Structure formats: C-alpha cells, structure tokens
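Here is the structure we will look at, set down as structure tokens.
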There are 2 protein chains.
Amino acid sequence: MVRIGVLVSGGGTNLQQLIDAQATGRLGGGEIVTVISSKPGVYALERAQKAGIEAIALSRKDYPDVEVYSQALIDALKARNVELVVLSGFLTITSDSFVQAFPNRIMNVHPALLPAFGGKGYYGLHVHEAVLSRGCKLTGATVHFANEVCDGGPIILQKAVAVQEGDTPESLQKRVMEQAEWTLLPEAVSLFCQGRLRVEDGKVSIAPAHAGENAGAAPSEGVKQ
Amino acid sequence: MVRIGVLVSGGGTNLQQLIDAQATGRLGGGEIVTVISSKPGVYALERAQKAGIEAIALSRKDYPDVEVYSQALIDALKARNVELVVLSGFLTITSDSFVQAFPNRIMNVHPALLPAFGGKGYYGLHVHEAVLSRGCKLTGATVHFANEVCDGGPIILQKAVAVQEGDTPESLQKRVMEQAEWTLLPEAVSLFCQGRLRVEDGKVSIAPAHAGENAGAAPSEGVKQ
C-alpha cells in the first residue's frame, strides 16, 4: 500500500477523481492519507473531509519565505510517511529542496502536450490561450514527475484532445480536464502504486501489467538523471 | 478543379498517398499537374510518371544560389498555373521569395505535433530522436501552410501517434508516417481543394462540409497575418 499525499490550492476537481478512483479500486492499491492545501477554506479540503481523509491547510502566507514553507511541506509529508506526492492544482511555488526531498515521487499534471506550452508562465488558462493563439488543432495533458525544471521532469503519460472551431480558453480548459486530466492522473498514480514506473535518464518506462510484483517499489531506485 | 504541384526530393511515399487519393476521388477535386524534384533520378519521379503525371527535375546544383533556384521553381509552377504547392519530403532550402509567391498556398507536413520539435534542425530522423530523448509518450504529425518562419506557418491539421516502449527513431518515424502523415496530407489537400480552409491572424479555420461551394477558392483571400 503506497501512502499518497495530495497538494491542492482550490476546488480540487482532480483530487475528486483520485478519491473516486481509490473508492472504486482504481488506484493500484494506493491510499490518500492526507490532503494539504496552500490556502485555507478551499473546497478541496471539504472534498477530502467528506471522503474521510485528513485535510489540512499549510497557508503560504504564514511562512516568511519559500524555503521555510517548502520545509514545512516536507516535514508534514515525511511525518505521515508519504511515499507519493500528487500536485493537484497546487499553485504555490516551492523550492528545489522540495522536489529533492521526493525525487521522482512528486507527480504533476500539466494541461498541454509537453514540451509544448510548458515552463514559466504557462499555467491555468494561459496555457489554453497560447494553444489557441498558435492555432493548434491538437492539445492535451501530460502527467510527469516534478524536478527542478518547471514542467521539465520525466513524462509519465500524455493524452491528446482536439481543439474545436470556436473554442475559448475556458471551453478548451474544460475539455482538456474532462477528456484528459481526469483520466490520466488516476492512471499514472495507479501505475506508480503498482510499481510499474521506472525512471532512467530522465525518461519513464512503464512495465506491463502483472510484471511489477512489488507494489509501491520505488520508481526512482537506481535512477540516473 | 485546383491545380496542384508537388515538390519532392526522394522516395515519394507521401506523394504516392496523394496520387492514390486523387485516383480514388479523395482529393476534393484537386489534380496533381506536375511533380518537381530537387534531385534527378529519385523514385518519386518514377511514381509520378507511372501515374501519368508530368515529372521534372530542377536540380539545386544547377543553380548558382538559393534565390535563383527559388525563382526557377516559382517560374515552373506559375507557368503551369499551379494554385497549391505541396512539399512532400522536399528537403531543399528555398528563399522567402518562394513562400511569398504562394501565400498560404504551400502545404508542408511536419513529423511532430508543432510547436513541439519544430524549427531549425528538426527534420527527418532528428525530430524522432528528439521526441524519444525527451521521453514523450505522444507525438504525431502536423500539416501546415509554409511561411517565412521554419515550421511556424498556420496549422491545418494535426494527428497524435503513441510512442511505444522500445521505439527507435526509425520505428517511430515509420509509425508517424503510416498512422498520421499518410492520412493527414491528402485530407488537408482535399479541404483546400474544396475551398474549406480560411486563414486569418495566422490561424486556419475549417468550414463544415458542403459549406464551401467555391472549390478552389483562395484560402488566403483577405488574409491578415
């Protein structure tokens, strides 16, 4: 059983998909043991509580700088023996020490087909605005491990979504969420929890089903970055 | 009937798809009136001849510089009243005057999901090497109008192709060709010939079927780039 901590900042629609996946046995034996929000009072915390999951707020403004805040997150997650951290609409900046504390154990979902429309400035609606501005006919979502490079970590899963005539950034964001993010993230978490992800040279390989006997085995064991 | 000129440099597998599409009425009423190769003796010329299409070689090395060569291409295409130019594995560099002579009337197929893995240096196997090196799980092909920016012109169609475990640049190139390029290019040419493509602000919109009555209407009429 892999202990999962989910970091949120808002409504928690991706968190809900993870909760539902766990409830219906589609999380590969993983268990969400804590949900931590960078803002108090967000709906994601309510979703966690409704599901009987610990829900805590570690508010960014209660800490003097990003380094101290990141250490508080690390401490909270380590104290709960969290093995996989999922960034689920977590919009608060953390320091390198945070990703270094969980190498290839922090998952993020990005609303585009990386490396396109990734990196600094590409978050939320800005991503979809850029996709439409370039006139792309295809976009999608990417689940990847977080590392020190913004949106530059090892890619786990990607799924394409068609841009439609007349799309606005909002309509495109909704479709990418519904058709890609909501299915990709639980699937990637499940693969991790089944011990089927291996990272080498910054690339993720996915072992076939039933080949990974050691559920929860560290995907980063023997990693050469 | 839209008069099409296809530019090639090698084997002409994409050209063959266009020839087959025309033969089976899937080219939207377009007709390939000439195939021009930048190298003599390539198999693409033979494919054209077998299909009863004029096949000529304008060898780059017979011209002193890229400007004079580009003008020779323009002259050859204009003399044949070509309305749509298709770059089909055409590997020879042309000058800005060439794209300016056929604004939004030159189509190119790129073996990746632009804007990812496009621009200078990204051609042929280099594209697929870069996709694998980044560890992408999804790639594909893009058909776009050529403009002065390498791989930066208006995007017409895109199709995704899955990267598989154990892929080499060669196996990925083959799959992207077979699953994306070979279907996308004839489809884009057909849309053009049906008069269903409009370009505005560097973006392509596709009119619904039967809405474009004026087959062969200039997609660049009223274009603001």
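Ordered as shown in the structure tokens, chains take letters A, B, and onward, while each chain numbers its residues from 1 and ligands are numbered from 1 in the order shown.
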
For this session: With a cut-off of 12 Å and counting only C-alpha atoms, select all residues of chain A in contact with chain B and give the selection as a PyMOL selection string.
Result: chain A and resi 112-118+130-145+151-167+198-208

Exercise. Can you tell me, as a PyMOL selection string, what residues are no more than 12 Å from Pro186 (chain B) when counting only C-alpha atoms, ignoring any on the same chain fewer than 2 positions away?
Worked result: chain B and resi 4+6+14-32+86+88+107-109+143+156-157+180-184+188-193

For this session: Per DSSP on the backbone, filter region 75-155 of chain B down to the residues in alpha helix (DSSP H) and report them as a ChimeraX atom specification.
Result: /B:75-79,96-101,125-134

Quick one: write out the picked residues with C-alpha atoms as a short mmCIF file (atom, residue, chain, number, x, y, z; two decimals), in the first residue's frame?
```
data_model
loop_
_atom_site.label_atom_id
_atom_site.label_comp_id
_atom_site.auth_asym_id
_atom_site.auth_seq_id
_atom_site.Cartn_x
_atom_site.Cartn_y
_atom_site.Cartn_z
CA ASP B 75 8.54 30.14 -62.73
CA ALA B 76 7.94 26.42 -63.32
CA LEU B 77 4.91 26.37 -61.00
CA LYS B 78 3.40 29.63 -62.29
CA ALA B 79 3.88 28.51 -65.91
CA ASP B 96 11.47 33.84 -48.66
CA SER B 97 10.52 34.84 -52.20
CA PHE B 98 9.24 31.32 -52.75
CA VAL B 99 6.71 31.33 -49.89
CA GLN B 100 5.81 34.92 -50.73
CA ALA B 101 4.95 33.88 -54.29
CA LEU B 125 15.01 11.36 -38.06
CA HIS B 126 16.28 14.27 -35.92
CA VAL B 127 12.67 15.01 -34.98
CA HIS B 128 12.00 11.50 -33.74
CA GLU B 129 15.36 11.30 -31.94
CA ALA B 130 14.41 14.45 -30.01
CA VAL B 131 10.95 13.10 -29.13
CA LEU B 132 12.49 9.91 -27.73
CA SER B 133 15.26 11.81 -25.97
CA ARG B 134 12.68 13.93 -24.11
#
```

Exercise. When DSSP works through the backbone of this structure, what residues of region 5-71 of chain B end up as strand (DSSP E or B), shown as a PyMOL selection string?
Worked result: chain B and resi 5-8+31-37+54-57

Could you give me, as an mmCIF file with all heavy atoms, in the first residue's frame, the residues within 8 Å of Gly5 (chain B), counting only C-alpha atoms and dropping anything in the same chain fewer than 3 positions from it?
```cif
data_model
loop_
_atom_site.group_PDB
_atom_site.id
_atom_site.type_symbol
_atom_site.label_atom_id
_atom_site.label_comp_id
_atom_site.auth_asym_id
_atom_site.auth_seq_id
_atom_site.Cartn_x
_atom_site.Cartn_y
_atom_site.Cartn_z
ATOM 1 N N ILE B 32 -3.163 16.749 -59.469
ATOM 2 C CA ILE B 32 -1.713 16.936 -59.463
ATOM 3 C C ILE B 32 -1.273 17.110 -60.912
ATOM 4 O O ILE B 32 -1.373 16.177 -61.709
ATOM 5 C CB ILE B 32 -0.987 15.737 -58.818
ATOM 6 C CG1 ILE B 32 -1.553 15.471 -57.416
ATOM 7 C CG2 ILE B 32 0.522 15.995 -58.748
ATOM 8 C CD1 ILE B 32 -1.116 14.147 -56.812
ATOM 9 N N VAL B 33 -0.794 18.318 -61.256
ATOM 10 C CA VAL B 33 -0.439 18.580 -62.653
ATOM 11 C C VAL B 33 1.064 18.474 -62.891
ATOM 12 O O VAL B 33 1.496 18.323 -64.030
ATOM 13 C CB VAL B 33 -0.936 19.973 -63.115
ATOM 14 C CG1 VAL B 33 -2.457 20.018 -63.088
ATOM 15 C CG2 VAL B 33 -0.341 21.092 -62.273
ATOM 16 N N THR B 34 1.848 18.528 -61.821
ATOM 17 C CA THR B 34 3.283 18.376 -62.007
ATOM 18 C C THR B 34 3.948 17.924 -60.711
ATOM 19 O O THR B 34 3.475 18.245 -59.607
ATOM 20 C CB THR B 34 3.929 19.693 -62.496
ATOM 21 O OG1 THR B 34 5.306 19.439 -62.850
ATOM 22 C CG2 THR B 34 3.909 20.774 -61.421
ATOM 23 N N VAL B 35 5.007 17.149 -60.860
ATOM 24 C CA VAL B 35 5.843 16.752 -59.716
ATOM 25 C C VAL B 35 7.260 17.218 -60.027
ATOM 26 O O VAL B 35 7.822 16.869 -61.069
ATOM 27 C CB VAL B 35 5.806 15.229 -59.484
ATOM 28 C CG1 VAL B 35 6.845 14.813 -58.453
ATOM 29 C CG2 VAL B 35 4.409 14.796 -59.041
ATOM 30 N N ILE B 36 7.808 18.039 -59.140
ATOM 31 C CA ILE B 36 9.143 18.594 -59.373
ATOM 32 C C ILE B 36 10.090 18.103 -58.287
ATOM 33 O O ILE B 36 9.806 18.245 -57.097
ATOM 34 C CB ILE B 36 9.105 20.139 -59.356
ATOM 35 C CG1 ILE B 36 8.113 20.662 -60.407
ATOM 36 C CG2 ILE B 36 10.508 20.716 -59.588
ATOM 37 C CD1 ILE B 36 7.974 22.177 -60.434
ATOM 38 N N LEU B 77 6.250 26.582 -61.573
ATOM 39 C CA LEU B 77 4.912 26.374 -61.002
ATOM 40 C C LEU B 77 3.897 27.357 -61.590
ATOM 41 O O LEU B 77 2.777 26.981 -61.931
ATOM 42 C CB LEU B 77 4.972 26.502 -59.473
ATOM 43 C CG LEU B 77 5.768 25.381 -58.776
ATOM 44 C CD1 LEU B 77 6.153 25.791 -57.352
ATOM 45 C CD2 LEU B 77 4.968 24.073 -58.763
ATOM 46 N N VAL B 82 -0.146 26.506 -61.301
ATOM 47 C CA VAL B 82 -0.329 25.763 -60.046
ATOM 48 C C VAL B 82 -0.907 26.690 -58.986
ATOM 49 O O VAL B 82 -0.426 27.804 -58.781
ATOM 50 C CB VAL B 82 1.015 25.156 -59.571
ATOM 51 C CG1 VAL B 82 0.939 24.723 -58.113
ATOM 52 C CG2 VAL B 82 1.400 23.986 -60.474
ATOM 53 N N GLU B 83 -1.968 26.210 -58.329
ATOM 54 C CA GLU B 83 -2.635 27.011 -57.290
ATOM 55 C C GLU B 83 -2.271 26.539 -55.887
ATOM 56 O O GLU B 83 -2.395 27.285 -54.917
ATOM 57 C CB GLU B 83 -4.150 26.930 -57.467
ATOM 58 C CG GLU B 83 -4.635 27.546 -58.770
ATOM 59 C CD GLU B 83 -5.966 26.950 -59.199
ATOM 60 O OE1 GLU B 83 -5.955 25.827 -59.758
ATOM 61 O OE2 GLU B 83 -6.993 27.597 -58.962
ATOM 62 N N LEU B 84 -1.901 25.283 -55.776
ATOM 63 C CA LEU B 84 -1.490 24.735 -54.470
ATOM 64 C C LEU B 84 -0.187 23.971 -54.645
ATOM 65 O O LEU B 84 -0.091 23.080 -55.496
ATOM 66 C CB LEU B 84 -2.567 23.793 -53.912
ATOM 67 C CG LEU B 84 -2.172 23.032 -52.631
ATOM 68 C CD1 LEU B 84 -1.981 23.993 -51.456
ATOM 69 C CD2 LEU B 84 -3.225 21.963 -52.303
ATOM 70 N N VAL B 85 0.798 24.336 -53.828
ATOM 71 C CA VAL B 85 2.096 23.651 -53.847
ATOM 72 C C VAL B 85 2.170 22.760 -52.615
ATOM 73 O O VAL B 85 1.919 23.223 -51.498
ATOM 74 C CB VAL B 85 3.258 24.673 -53.810
ATOM 75 C CG1 VAL B 85 4.600 23.948 -53.863
ATOM 76 C CG2 VAL B 85 3.123 25.683 -54.947
ATOM 77 N N VAL B 86 2.488 21.490 -52.797
ATOM 78 C CA VAL B 86 2.626 20.578 -51.662
ATOM 79 C C VAL B 86 4.079 20.152 -51.530
ATOM 80 O O VAL B 86 4.652 19.593 -52.474
ATOM 81 C CB VAL B 86 1.717 19.333 -51.819
ATOM 82 C CG1 VAL B 86 1.886 18.400 -50.625
ATOM 83 C CG2 VAL B 86 0.264 19.752 -51.973
#
```

Problem set entry | Residue among A:Ala51, A:Met1, A:Leu91, A:Val68 lying closest to Ser37 (chain A), counting only C-alpha atoms | A:Leu91

Problem set entry | Computed interatomic separation between CA of Lys39 (chain A) and CA of Ile53 (chain A) (Å) |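 Separation between CA of Lys39 (chain A) and CA of Ile53 (chain A): 17.2 Å.
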